[in-house]
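What follows is the content of target.txt (compact mmCIF, C-alpha atoms).
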# COMPACT_ATOMS: atom_id res chain seq x y z
CA MET A 192 -25.40 -15.35 2.29
CA ARG A 193 -22.24 -16.43 0.48
CA GLN A 194 -22.39 -16.22 -3.28
CA PRO A 195 -21.67 -19.40 -5.25
CA SER A 196 -18.05 -19.63 -6.36
CA LEU A 197 -17.38 -20.09 -10.05
CA SER A 198 -14.28 -22.07 -10.86
CA ARG A 199 -11.90 -20.56 -13.39
CA ARG A 200 -12.23 -23.68 -15.49
CA SER A 201 -15.99 -23.47 -15.72
CA PHE A 202 -16.19 -19.85 -16.76
CA LEU A 203 -13.38 -20.18 -19.28
CA ARG A 204 -14.94 -23.29 -20.76
CA THR A 205 -18.14 -21.41 -21.57
CA SER A 206 -16.39 -18.47 -23.14
CA ALA A 207 -15.94 -18.20 -26.89
CA ALA A 208 -13.03 -15.84 -26.33
CA ALA A 209 -11.31 -18.48 -24.24
CA ALA A 210 -11.55 -20.90 -27.15
CA MET A 211 -9.35 -18.53 -29.11
CA VAL A 212 -6.77 -18.61 -26.31
CA ALA A 213 -6.62 -22.39 -26.47
CA GLY A 214 -6.36 -22.40 -30.27
CA THR A 215 -4.20 -20.61 -32.76
CA GLY A 216 -6.35 -17.56 -33.34
CA PHE A 217 -5.44 -15.51 -30.28
CA HIS A 218 -5.92 -11.78 -30.70
CA SER A 219 -2.52 -10.19 -31.15
CA LEU A 220 -2.17 -6.49 -30.46
CA ALA A 221 -2.16 -5.84 -34.19
CA SER A 222 -5.42 -7.69 -34.82
CA ALA A 223 -7.08 -5.98 -31.88
CA ALA A 224 -5.98 -2.60 -33.17
CA GLU A 225 -7.44 -3.37 -36.59
CA SER A 226 -10.91 -3.57 -35.06
CA LYS A 227 -10.75 -0.02 -33.68
CA SER A 228 -9.84 3.13 -35.52
CA PRO A 229 -8.39 6.00 -33.47
CA ASN A 230 -11.80 7.69 -33.52
CA GLU A 231 -13.74 4.66 -32.34
CA LEU A 232 -14.39 4.13 -28.66
CA LEU A 233 -13.11 1.14 -26.71
CA ASP A 234 -15.52 -1.13 -24.88
CA ILE A 235 -14.05 -1.26 -21.37
CA ALA A 236 -14.95 -3.13 -18.18
CA CYS A 237 -13.90 -1.56 -14.87
CA ILE A 238 -13.15 -4.01 -12.06
CA GLY A 239 -13.21 -1.91 -8.89
CA VAL A 240 -14.93 1.49 -8.97
CA ALA A 241 -14.28 3.38 -5.70
CA ASN A 242 -11.46 5.23 -3.91
CA ARG A 243 -8.29 4.83 -6.05
CA ALA A 244 -10.38 2.92 -8.55
CA ALA A 245 -12.68 5.93 -8.98
CA GLU A 246 -9.75 7.89 -10.45
CA ASN A 247 -9.04 5.08 -12.89
CA VAL A 248 -12.69 4.92 -13.97
CA ARG A 249 -12.58 8.68 -14.51
CA GLY A 250 -9.37 8.30 -16.50
CA VAL A 251 -11.03 6.06 -19.08
CA SER A 252 -14.53 7.54 -18.89
CA GLY A 253 -14.25 8.98 -22.37
CA GLN A 254 -14.63 5.43 -23.70
CA ASN A 255 -17.61 3.06 -23.54
CA LEU A 256 -17.85 1.79 -19.97
CA VAL A 257 -19.67 -1.40 -20.87
CA ALA A 258 -19.49 -2.97 -17.40
CA MET A 259 -18.63 -2.05 -13.83
CA CYS A 260 -17.79 -4.49 -11.07
CA ASP A 261 -17.36 -4.04 -7.32
CA ILE A 262 -17.93 -6.17 -4.23
CA ASP A 263 -19.51 -3.20 -2.42
CA ASP A 264 -23.03 -2.47 -3.65
CA ASN A 265 -22.92 1.07 -2.28
CA TYR A 266 -19.79 1.89 -4.24
CA LEU A 267 -21.19 0.22 -7.32
CA ASN A 268 -24.48 2.10 -7.11
CA GLN A 269 -22.63 5.40 -6.75
CA ALA A 270 -20.43 4.74 -9.80
CA LEU A 271 -23.34 3.59 -11.93
CA LYS A 272 -25.25 6.72 -10.98
CA GLN A 273 -22.29 8.98 -11.74
CA TYR A 274 -21.88 7.42 -15.18
CA SER A 275 -25.54 6.69 -15.82
CA ASP A 276 -25.17 7.86 -19.42
CA LYS A 277 -22.85 4.89 -20.06
CA LYS A 278 -25.58 2.38 -19.22
CA SER A 279 -22.95 0.03 -17.81
CA ASN A 280 -23.87 -3.51 -16.84
CA ARG A 281 -23.34 -4.22 -13.13
CA TYR A 282 -21.44 -7.09 -11.54
CA ASN A 283 -20.13 -8.08 -8.12
CA ASP A 284 -17.98 -10.98 -9.37
CA PHE A 285 -15.40 -10.20 -12.04
CA ARG A 286 -15.38 -13.87 -13.07
CA VAL A 287 -19.03 -13.57 -14.08
CA LEU A 288 -18.28 -10.31 -15.88
CA LEU A 289 -15.49 -11.90 -17.90
CA ASP A 290 -17.71 -14.82 -18.79
CA LYS A 291 -20.62 -12.70 -19.99
CA GLU A 292 -19.01 -9.58 -21.49
CA LYS A 293 -17.32 -11.34 -24.38
CA SER A 294 -17.18 -8.31 -26.66
CA ILE A 295 -15.17 -5.97 -24.42
CA ASP A 296 -11.82 -4.77 -25.70
CA ALA A 297 -10.09 -4.11 -22.40
CA VAL A 298 -10.28 -4.13 -18.60
CA VAL A 299 -9.20 -1.71 -15.89
CA VAL A 300 -8.29 -3.57 -12.69
CA SER A 301 -8.31 -1.47 -9.50
CA THR A 302 -8.91 -4.05 -6.78
CA PRO A 303 -6.77 -4.66 -3.67
CA ASP A 304 -3.38 -6.20 -4.49
CA HIS A 305 -4.32 -9.81 -3.79
CA THR A 306 -6.86 -9.89 -6.63
CA HIS A 307 -4.83 -7.98 -9.23
CA ALA A 308 -3.40 -11.09 -10.87
CA PRO A 309 -6.56 -13.23 -11.10
CA ALA A 310 -8.61 -10.39 -12.61
CA SER A 311 -5.85 -9.21 -14.96
CA MET A 312 -4.52 -12.60 -16.02
CA TRP A 313 -7.92 -14.08 -16.76
CA ALA A 314 -8.86 -11.01 -18.80
CA MET A 315 -5.64 -11.25 -20.81
CA GLN A 316 -6.24 -14.96 -21.40
CA LEU A 317 -9.49 -13.90 -23.04
CA GLY A 318 -7.60 -11.56 -25.35
CA LYS A 319 -8.37 -8.34 -23.48
CA HIS A 320 -5.95 -5.44 -23.10
CA CYS A 321 -5.25 -4.60 -19.48
CA TYR A 322 -4.66 -1.61 -17.23
CA CYS A 323 -3.79 -2.67 -13.65
CA GLU A 324 -3.09 -0.60 -10.58
CA LYS A 325 0.26 -0.77 -8.80
CA PRO A 326 1.82 -2.91 -7.56
CA LEU A 327 1.12 -5.03 -10.58
CA THR A 328 0.63 -8.16 -8.48
CA HIS A 329 0.70 -9.56 -4.96
CA THR A 330 3.57 -12.02 -5.55
CA VAL A 331 6.77 -12.19 -7.56
CA HIS A 332 5.55 -15.27 -9.42
CA GLU A 333 2.36 -13.49 -10.49
CA ALA A 334 4.35 -10.53 -11.78
CA ARG A 335 6.50 -12.77 -13.97
CA GLU A 336 3.48 -14.69 -15.27
CA MET A 337 1.60 -11.52 -16.22
CA THR A 338 4.67 -9.95 -17.81
CA ASN A 339 5.44 -12.99 -19.94
CA TYR A 340 1.84 -13.43 -21.03
CA ALA A 341 1.33 -9.81 -22.03
CA VAL A 342 4.55 -9.73 -24.03
CA LYS A 343 3.99 -13.07 -25.74
CA HIS A 344 0.48 -12.17 -26.84
CA LYS A 345 1.22 -8.52 -27.69
CA LEU A 346 -1.45 -7.04 -25.46
CA ALA A 347 -1.61 -3.34 -24.66
CA THR A 348 -0.84 -2.98 -20.97
CA GLN A 349 -0.17 -0.24 -18.44
CA MET A 350 0.46 -0.31 -14.70
CA GLY A 351 -1.06 2.48 -12.64
CA THR A 352 2.02 4.51 -11.79
CA GLN A 353 0.43 7.78 -12.83
CA ILE A 354 3.41 9.96 -11.84
CA HIS A 355 5.41 8.26 -14.60
CA ALA A 356 3.54 10.49 -17.05
CA GLY A 357 4.68 13.63 -15.23
CA ASP A 358 7.13 15.98 -16.91
CA ASN A 359 9.55 16.13 -13.95
CA TYR A 360 10.32 12.40 -14.05
CA ARG A 361 11.25 12.75 -17.71
CA ARG A 362 13.64 15.61 -17.02
CA VAL A 363 15.28 13.66 -14.18
CA VAL A 364 15.80 10.63 -16.42
CA GLU A 365 17.37 12.78 -19.14
CA ALA A 366 19.68 14.52 -16.67
CA ILE A 367 20.87 11.33 -15.00
CA GLN A 368 21.42 9.53 -18.29
CA ALA A 369 23.30 12.57 -19.64
CA GLY A 370 25.75 12.25 -16.74
CA ALA A 371 24.67 15.26 -14.69
CA VAL A 372 26.06 13.66 -11.50
CA GLY A 373 28.49 11.30 -13.21
CA ASP A 374 28.27 7.55 -12.78
CA VAL A 375 25.54 6.72 -10.27
CA THR A 376 26.73 4.09 -7.80
CA HIS A 377 24.12 4.38 -5.03
CA VAL A 378 20.53 5.59 -4.70
CA ASP A 379 18.49 6.42 -1.60
CA VAL A 380 14.71 6.10 -1.82
CA TRP A 381 12.38 6.85 1.07
CA VAL A 382 8.68 7.40 1.73
CA GLY A 383 7.35 8.92 4.94
CA LYS A 384 4.40 6.63 5.28
CA GLY A 385 3.70 3.63 7.49
CA TRP A 386 1.25 0.93 6.41
CA GLY A 387 1.74 -1.71 9.08
CA GLY A 388 0.81 -3.16 12.44
CA GLY A 389 -2.48 -4.49 13.72
CA THR A 390 -3.85 -7.68 15.22
CA ILE A 391 -6.45 -10.13 13.98
CA PRO A 392 -9.78 -9.19 15.60
CA THR A 393 -11.26 -11.74 17.99
CA ASP A 394 -14.86 -10.50 17.93
CA PRO A 395 -15.65 -9.58 14.31
CA PRO A 396 -18.92 -7.82 13.49
CA PRO A 397 -21.48 -9.04 10.95
CA VAL A 398 -20.74 -8.46 7.29
CA PRO A 399 -22.45 -5.26 6.09
CA LYS A 400 -25.36 -5.96 3.74
CA ASN A 401 -23.71 -4.00 0.95
CA VAL A 402 -20.45 -6.03 1.07
CA HIS A 403 -19.88 -9.35 -0.72
CA TRP A 404 -17.14 -10.47 1.65
CA ASP A 405 -16.35 -13.83 0.07
CA LEU A 406 -15.74 -12.10 -3.26
CA TRP A 407 -13.53 -9.51 -1.59
CA LEU A 408 -11.40 -12.32 -0.13
CA GLY A 409 -11.07 -13.86 -3.58
CA PRO A 410 -7.93 -16.02 -3.67
CA ALA A 411 -7.03 -15.34 -0.02
CA ALA A 412 -7.71 -17.85 2.75
CA GLU A 413 -11.11 -17.60 4.39
CA ARG A 414 -11.43 -15.40 7.46
CA ALA A 415 -14.18 -13.47 9.19
CA TYR A 416 -15.05 -9.98 7.97
CA SER A 417 -13.72 -6.99 9.88
CA PRO A 418 -13.38 -3.28 9.08
CA VAL A 419 -9.69 -3.62 10.01
CA TYR A 420 -9.27 -5.23 6.57
CA MET A 421 -11.51 -3.27 4.27
CA PRO A 422 -12.18 -0.83 2.78
CA ALA A 423 -9.14 1.19 3.91
CA GLN A 424 -6.71 -0.93 5.93
CA TRP A 425 -5.95 -3.97 3.78
CA ARG A 426 -2.45 -2.77 2.83
CA ARG A 427 -1.26 -3.60 6.37
CA TRP A 428 -1.99 -7.30 5.96
CA TRP A 429 0.29 -9.73 4.12
CA ASP A 430 -2.67 -11.73 2.80
CA PHE A 431 -3.96 -8.70 0.94
CA GLY A 432 -1.20 -6.10 0.52
CA GLY A 433 2.49 -5.38 0.94
CA GLY A 434 2.77 -2.58 3.50
CA THR A 435 4.31 0.75 2.59
CA LEU A 436 6.84 -0.79 0.23
CA GLY A 437 4.06 -2.54 -1.68
CA ASP A 438 2.00 0.65 -1.75
CA MET A 439 4.58 3.26 -2.70
CA GLY A 440 7.63 1.38 -3.99
CA CYS A 441 6.42 1.26 -7.60
CA HIS A 442 6.02 5.05 -7.62
CA TYR A 443 9.42 6.08 -6.24
CA ILE A 444 11.62 3.16 -7.34
CA ASP A 445 10.11 3.66 -10.80
CA LEU A 446 12.26 6.77 -11.21
CA VAL A 447 15.41 4.81 -10.37
CA PHE A 448 14.49 1.96 -12.71
CA TRP A 449 13.79 4.33 -15.55
CA ALA A 450 16.85 6.53 -15.14
CA LEU A 451 19.35 3.67 -14.65
CA LYS A 452 17.61 1.07 -16.85
CA LEU A 453 17.50 -1.43 -14.01
CA LYS A 454 15.72 -4.76 -14.16
CA TYR A 455 16.29 -7.47 -11.54
CA PRO A 456 18.32 -7.17 -8.30
CA THR A 457 20.83 -9.85 -7.37
CA THR A 458 20.88 -9.46 -3.58
CA ILE A 459 18.32 -8.03 -1.17
CA GLU A 460 18.66 -7.50 2.57
CA ALA A 461 16.05 -5.97 4.88
CA GLU A 462 16.18 -4.39 8.32
CA GLY A 463 13.23 -3.80 10.61
CA PRO A 464 11.35 -5.17 13.61
CA SER A 465 10.85 -8.89 14.07
CA PRO A 466 8.62 -10.04 11.19
CA ASP A 467 4.98 -10.50 12.07
CA PRO A 468 3.24 -13.38 10.27
CA ASN A 469 0.15 -11.28 9.59
CA THR A 470 1.08 -7.62 9.15
CA ALA A 471 3.73 -5.45 7.54
CA PRO A 472 6.13 -3.36 9.66
CA LEU A 473 5.63 0.32 10.48
CA GLY A 474 9.18 1.01 9.38
CA LEU A 475 11.46 -0.85 6.97
CA THR A 476 14.90 -0.57 5.36
CA VAL A 477 15.77 -2.65 2.30
CA ASN A 478 19.17 -2.73 0.60
CA TYR A 479 19.26 -3.89 -3.02
CA THR A 480 22.20 -4.62 -5.34
CA PHE A 481 21.81 -4.43 -9.12
CA PRO A 482 24.25 -5.42 -11.88
CA LYS A 483 25.58 -2.80 -14.26
CA THR A 484 23.51 -1.58 -17.19
CA ASP A 485 24.40 0.31 -20.35
CA VAL A 486 23.91 3.63 -18.50
CA ALA A 487 25.20 2.79 -15.00
CA PRO A 488 27.76 0.67 -13.19
CA ALA A 489 26.69 -1.83 -10.53
CA VAL A 490 24.30 0.06 -8.24
CA THR A 491 23.13 -0.27 -4.67
CA MET A 492 19.76 1.12 -3.63
CA LYS A 493 18.48 1.72 -0.10
CA TRP A 494 14.72 1.89 0.48
CA ARG A 495 13.38 3.32 3.76
CA ASP A 496 9.82 3.90 4.90
CA GLY A 497 7.80 4.79 7.99
CA ASP A 498 9.86 5.39 11.10
CA HIS A 499 13.04 4.39 9.22
CA CYS A 500 12.90 7.48 6.99
CA PRO A 501 15.92 9.83 7.04
CA ARG A 502 15.72 13.53 7.86
CA GLU A 503 19.00 14.25 6.15
CA ILE A 504 21.35 12.47 3.74
CA ASN A 505 25.04 13.36 3.54
CA GLY A 506 24.32 16.34 5.79
CA GLN A 507 21.61 17.61 3.45
CA ALA A 508 18.06 18.01 4.77
CA VAL A 509 15.62 16.02 2.67
CA PRO A 510 11.83 16.17 2.17
CA GLY A 511 9.42 13.62 3.61
CA SER A 512 9.65 11.39 0.54
CA GLY A 513 12.04 11.34 -2.37
CA VAL A 514 15.02 9.92 -4.25
CA VAL A 515 18.72 10.80 -4.07
CA PHE A 516 21.06 9.73 -6.86
CA HIS A 517 24.69 9.58 -5.65
CA GLY A 518 27.16 9.99 -8.52
CA THR A 519 30.87 10.45 -9.03
CA LYS A 520 30.31 14.17 -9.75
CA GLY A 521 27.66 15.04 -7.16
CA MET A 522 24.15 14.11 -6.16
CA MET A 523 20.58 14.80 -7.20
CA ILE A 524 17.53 15.03 -4.92
CA ALA A 525 14.30 14.35 -6.80
CA THR A 526 10.65 14.36 -5.78
CA TYR A 527 7.45 14.02 -7.79
CA GLY A 528 7.54 17.67 -8.77
CA ASP A 529 11.15 18.87 -8.95
CA PHE A 530 14.84 18.03 -8.60
CA LYS A 531 18.00 19.70 -7.32
CA LEU A 532 21.68 19.09 -8.09
CA LEU A 533 24.11 19.26 -5.16
CA PRO A 534 26.39 20.76 -4.05
CA GLU A 535 24.67 23.80 -5.52
CA ASP A 536 27.84 25.83 -6.00
CA LYS A 537 29.22 23.10 -8.24
CA PHE A 538 26.22 23.20 -10.57
CA THR A 539 25.61 26.95 -10.94
CA ASP A 540 26.44 26.77 -14.66
CA TRP A 541 24.72 23.43 -15.30
CA LYS A 542 22.44 23.32 -18.31
CA ALA A 543 19.76 20.70 -18.75
CA PRO A 544 20.33 18.33 -21.67
CA GLU A 545 18.16 18.45 -24.73
CA GLN A 546 14.73 16.99 -24.09
CA THR A 547 14.62 13.57 -25.72
CA ILE A 548 11.65 12.05 -23.88
CA PRO A 549 8.47 13.58 -25.30
CA ARG A 550 5.72 14.97 -23.11
CA SER A 551 3.18 12.28 -22.28
CA ILE A 552 -0.23 12.52 -23.91
CA GLY A 553 -1.53 11.32 -20.54
CA HIS A 554 -1.14 8.16 -18.52
CA TYR A 555 -4.56 6.77 -19.42
CA GLU A 556 -4.45 8.21 -22.93
CA GLU A 557 -1.22 6.29 -23.64
CA TRP A 558 -2.95 3.02 -22.83
CA ILE A 559 -6.14 3.85 -24.73
CA LYS A 560 -4.09 4.75 -27.81
CA ALA A 561 -2.10 1.52 -27.45
CA CYS A 562 -5.29 -0.53 -27.31
CA LYS A 563 -6.50 1.05 -30.53
CA GLU A 564 -3.30 1.48 -32.53
CA GLY A 565 -0.66 -0.83 -31.08
CA THR A 566 1.58 2.03 -29.95
CA PRO A 567 3.81 1.53 -26.88
CA THR A 568 3.04 2.61 -23.34
CA THR A 569 5.67 3.76 -20.86
CA CYS A 570 4.53 1.48 -18.00
CA SER A 571 3.73 -1.66 -19.99
CA PHE A 572 4.00 -4.93 -18.09
CA ASP A 573 7.40 -5.77 -19.60
CA TYR A 574 8.72 -2.70 -17.75
CA SER A 575 6.47 -2.63 -14.69
CA GLY A 576 6.66 -6.39 -14.10
CA PRO A 577 10.37 -6.38 -13.17
CA LEU A 578 9.79 -3.18 -11.19
CA THR A 579 7.04 -4.91 -9.21
CA GLU A 580 9.21 -7.99 -8.68
CA THR A 581 11.93 -5.80 -7.18
CA VAL A 582 9.48 -4.11 -4.83
CA LEU A 583 8.01 -7.41 -3.67
CA LEU A 584 11.43 -9.00 -3.17
CA GLY A 585 12.08 -6.42 -0.47
CA ASN A 586 9.16 -7.86 1.49
CA VAL A 587 10.40 -11.40 0.81
CA ALA A 588 13.78 -10.50 2.31
CA PHE A 589 12.13 -8.90 5.34
CA ARG A 590 9.81 -11.82 6.03
CA THR A 591 12.67 -14.28 5.55
CA GLY A 592 14.74 -12.55 8.22
CA GLY A 593 18.03 -12.55 6.35
CA PRO A 594 19.75 -11.53 3.10
CA ILE A 595 18.60 -13.29 -0.04
CA GLU A 596 20.37 -13.97 -3.32
CA TRP A 597 18.03 -13.77 -6.28
CA ASP A 598 18.28 -15.84 -9.47
CA ALA A 599 15.88 -13.97 -11.73
CA LYS A 600 16.17 -16.49 -14.56
CA SER A 601 14.94 -19.39 -12.45
CA LEU A 602 12.67 -17.19 -10.28
CA LYS A 603 14.26 -18.55 -7.14
CA VAL A 604 16.10 -17.51 -3.98
CA THR A 605 19.31 -19.54 -4.08
CA ASN A 606 20.78 -19.11 -0.59
CA ASN A 607 17.70 -19.68 1.58
CA ASP A 608 15.07 -22.10 0.38
CA SER A 609 12.60 -21.03 3.07
CA ALA A 610 12.34 -17.65 1.33
CA ASN A 611 10.81 -19.27 -1.75
CA GLN A 612 7.54 -19.83 0.10
CA TYR A 613 6.92 -16.09 -0.38
CA ILE A 614 7.61 -16.08 -4.15
CA GLU A 615 4.35 -17.83 -5.01
CA ARG A 616 1.10 -18.05 -3.08
CA LYS A 617 -1.62 -20.59 -2.38
CA TYR A 618 -5.00 -19.80 -3.91
CA ARG A 619 -8.45 -20.76 -2.77
CA GLU A 620 -10.27 -23.12 -5.11
CA GLY A 621 -11.71 -21.25 -8.06
CA TRP A 622 -9.20 -18.39 -7.93
CA ARG A 623 -5.87 -19.70 -9.19
CA ILE A 624 -4.36 -17.90 -12.17
Would it be possible to restate this file's structure as structure tokens?
Amino acid sequence: MRQPSLSRRSFLRTSAAAAMVAGTGFHSLASAAESKSPNELLDIACIGVANRAAENVRGVSGQNLVAMCDIDDNYLNQALKQYSDKKSNRYNDFRVLLDKEKSIDAVVVSTPDHTHAPASMWAMQLGKHCYCEKPLTHTVHEAREMTNYAVKHKLATQMGTQIHAGDNYRRVVEAIQAGAVGDVTHVDVWVGKGWGGGTIPTDPPPVPKNVHWDLWLGPAAERAYSPVYMPAQWRRWWDFGGGTLGDMGCHYIDLVFWALKLKYPTTIEAEGPSPDPNTAPLGLTVNYTFPKTDVAPAVTMKWRDGDHCPREINGQAVPGSGVVFHGTKGMMIATYGDFKLLPEDKFTDWKAPEQTIPRSIGHYEEWIKACKEGTPTTCSFDYSGPLTETVLLGNVAFRTGGPIEWDAKSLKVTNNDSANQYIERKYREGWRI
């Protein structure tokens, strides 16, 4: 039986916290921090509790887990049992959670991509700090809205790019910015993974008793339940995910953004099979152009995934996934765990620059500290929002079928108006941000 749908307007209208949003007393980051000393525990609500979400719940489990929410009762029961000492309140609908749990300090959003923005944005509009899995949102428009809102209202935010806290990424950034390979003019990024393909089932089975299917659909258009969508395959489908680029782009392109201080691309062109209206491709190439920054000249970046992945670059064998920075003095191959300068004989005497980026206290710990004290995080939405926009623009270019020119200021494709249909989405009633 379908659960009744709460409209955003109705649940916000009944919320005292929402009244603060509409008025002049919105919680700034400073005022929120004043209510919690470093030794006090945050009151957190976890939206999504299984699979990737289970790691995020574990990451904040040292705090008060006031509420847990999931559309799968089996997953929810398992999480509540695992953290039974927390005595968390249970919910299937995050809209009901946000309406009832007025005293929470923060939310952790670990749902499929298509519900990231509604859950995160509505929480922030109630003055709650927000941790959200990558990619930050399902559309470019959502990413900009969430970024602007978080910055304007000084909320503590973090996107779930956990590798960003790793020591190797910091050393790569220092080396590139110190000129180890000279001026970087091109970057290759590739991931040997292939989230794509599939056809809409014609004979769907009944909805499992433990699944609240209408809530899983959320803002997406109604369709019959099928295991080809959830729990594991939703990334293949445009209505719910963004293929391999949407899944992994924020992890690997993150390194490029950080090292070269990139923000918004100006042109994007994609190569792949004929676009399917329903599913992502099994292999994709995207070419981006970025304007110069204070640490790099104008840069081109080539993304490849799935069956488009290279086995070698410039005659050099490369691992299954990674990043290559091409500079005027050489090149660097970087992965999650290490990096190498090439040609090796040219860099035998190379010495790493002084470490200027401190070791992370931990990806989740950064955000928890920020919620309490107002300190910065390294993947706050003002950084991860533009990163997410860039990732998603690759899919816009692919689905458009031609190169696009991007005007970041106006949030618009200027050379092909048909591409703008993919910048923003249509929402089912009761789910619009």
Would you work out the distance separating atom CA of Asp264 of chain A from atom CA of Ala241 of chain A, expressed in Å to one decimal?
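Computed distance, atom CA of Asp264 of chain A to atom CA of Ala241 of chain A, equals 10.7 Å.
Residue nearest Arg616 of chain A within the list A:Ser417, A:Thr330, A:Asn268, A:Asn242: A:Thr330 [criterion: smallest interatomic distance, only C-alpha atoms].
Here the question is which of A:Val257, A:His320, A:Arg502, A:Leu288 gets nearest to Val342 of chain A using only C-alpha atoms, and that residue is A:His320.
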Residues within 6 Å of Met492 of chain A, all atoms listed in the file, excluding chain neighbours under 5 positions, as a list in words:
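Once the nearby chain positions are removed, what remains is His377, Val378, Asp379, Asn478 and Tyr479 of chain A.
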Contacts of Gly370 of chain A at 10 Å or less, counting only C-alpha atoms, minus same-chain residues fewer than 6 places along, as a ChimeraX atom specification?
/A:486-487,518-520,544
Will you model N, CA, C and O atoms for segment 380-392 of chain A and pass it back as a PDB file, keeping the file's coordinate frame?
ATOM      1  N   VAL A 380      16.133   5.899  -1.556  1.00  0.00           N
ATOM      2  CA  VAL A 380      14.710   6.100  -1.820  1.00  0.00           C
ATOM      3  C   VAL A 380      13.972   5.988  -0.495  1.00  0.00           C
ATOM      4  O   VAL A 380      14.224   5.050   0.266  1.00  0.00           O
ATOM      5  N   TRP A 381      13.093   6.911  -0.213  1.00  0.00           N
ATOM      6  CA  TRP A 381      12.380   6.850   1.070  1.00  0.00           C
ATOM      7  C   TRP A 381      10.980   7.440   0.921  1.00  0.00           C
ATOM      8  O   TRP A 381      10.735   8.300   0.082  1.00  0.00           O
ATOM      9  N   VAL A 382      10.066   6.940   1.738  1.00  0.00           N
ATOM     10  CA  VAL A 382       8.680   7.400   1.730  1.00  0.00           C
ATOM     11  C   VAL A 382       8.199   7.501   3.175  1.00  0.00           C
ATOM     12  O   VAL A 382       8.222   6.512   3.906  1.00  0.00           O
ATOM     13  N   GLY A 383       7.776   8.686   3.560  1.00  0.00           N
ATOM     14  CA  GLY A 383       7.350   8.920   4.940  1.00  0.00           C
ATOM     15  C   GLY A 383       5.930   8.482   5.200  1.00  0.00           C
ATOM     16  O   GLY A 383       5.051   9.300   5.479  1.00  0.00           O
ATOM     17  N   LYS A 384       5.718   7.199   5.113  1.00  0.00           N
ATOM     18  CA  LYS A 384       4.400   6.630   5.280  1.00  0.00           C
ATOM     19  C   LYS A 384       4.566   5.318   6.029  1.00  0.00           C
ATOM     20  O   LYS A 384       5.647   4.715   5.972  1.00  0.00           O
ATOM     21  N   GLY A 385       3.544   4.845   6.711  1.00  0.00           N
ATOM     22  CA  GLY A 385       3.700   3.630   7.490  1.00  0.00           C
ATOM     23  C   GLY A 385       2.479   2.737   7.493  1.00  0.00           C
ATOM     24  O   GLY A 385       1.675   2.777   8.430  1.00  0.00           O
ATOM     25  N   TRP A 386       2.329   1.911   6.440  1.00  0.00           N
ATOM     26  CA  TRP A 386       1.250   0.930   6.410  1.00  0.00           C
ATOM     27  C   TRP A 386       1.727  -0.316   7.127  1.00  0.00           C
ATOM     28  O   TRP A 386       2.458  -1.128   6.571  1.00  0.00           O
ATOM     29  N   GLY A 387       1.319  -0.514   8.364  1.00  0.00           N
ATOM     30  CA  GLY A 387       1.740  -1.710   9.080  1.00  0.00           C
ATOM     31  C   GLY A 387       1.058  -1.836  10.418  1.00  0.00           C
ATOM     32  O   GLY A 387       0.284  -0.968  10.836  1.00  0.00           O
ATOM     33  N   GLY A 388       1.358  -2.926  11.113  1.00  0.00           N
ATOM     34  CA  GLY A 388       0.810  -3.160  12.440  1.00  0.00           C
ATOM     35  C   GLY A 388      -0.629  -3.629  12.419  1.00  0.00           C
ATOM     36  O   GLY A 388      -1.290  -3.661  11.380  1.00  0.00           O
ATOM     37  N   GLY A 389      -1.104  -4.028  13.590  1.00  0.00           N
ATOM     38  CA  GLY A 389      -2.480  -4.490  13.720  1.00  0.00           C
ATOM     39  C   GLY A 389      -2.540  -5.937  14.170  1.00  0.00           C
ATOM     40  O   GLY A 389      -1.577  -6.701  13.992  1.00  0.00           O
ATOM     41  N   THR A 390      -3.640  -6.315  14.770  1.00  0.00           N
ATOM     42  CA  THR A 390      -3.850  -7.680  15.220  1.00  0.00           C
ATOM     43  C   THR A 390      -5.168  -8.211  14.674  1.00  0.00           C
ATOM     44  O   THR A 390      -6.109  -7.445  14.434  1.00  0.00           O
ATOM     45  N   ILE A 391      -5.229  -9.507  14.482  1.00  0.00           N
ATOM     46  CA  ILE A 391      -6.450 -10.130  13.980  1.00  0.00           C
ATOM     47  C   ILE A 391      -7.557  -9.973  15.013  1.00  0.00           C
ATOM     48  O   ILE A 391      -7.385 -10.338  16.170  1.00  0.00           O
ATOM     49  N   PRO A 392      -8.698  -9.411  14.634  1.00  0.00           N
ATOM     50  CA  PRO A 392      -9.780  -9.190  15.600  1.00  0.00           C
ATOM     51  C   PRO A 392     -10.362 -10.514  16.105  1.00  0.00           C
ATOM     52  O   PRO A 392     -10.464 -11.492  15.352  1.00  0.00           O
TER      53      PRO A 392
END
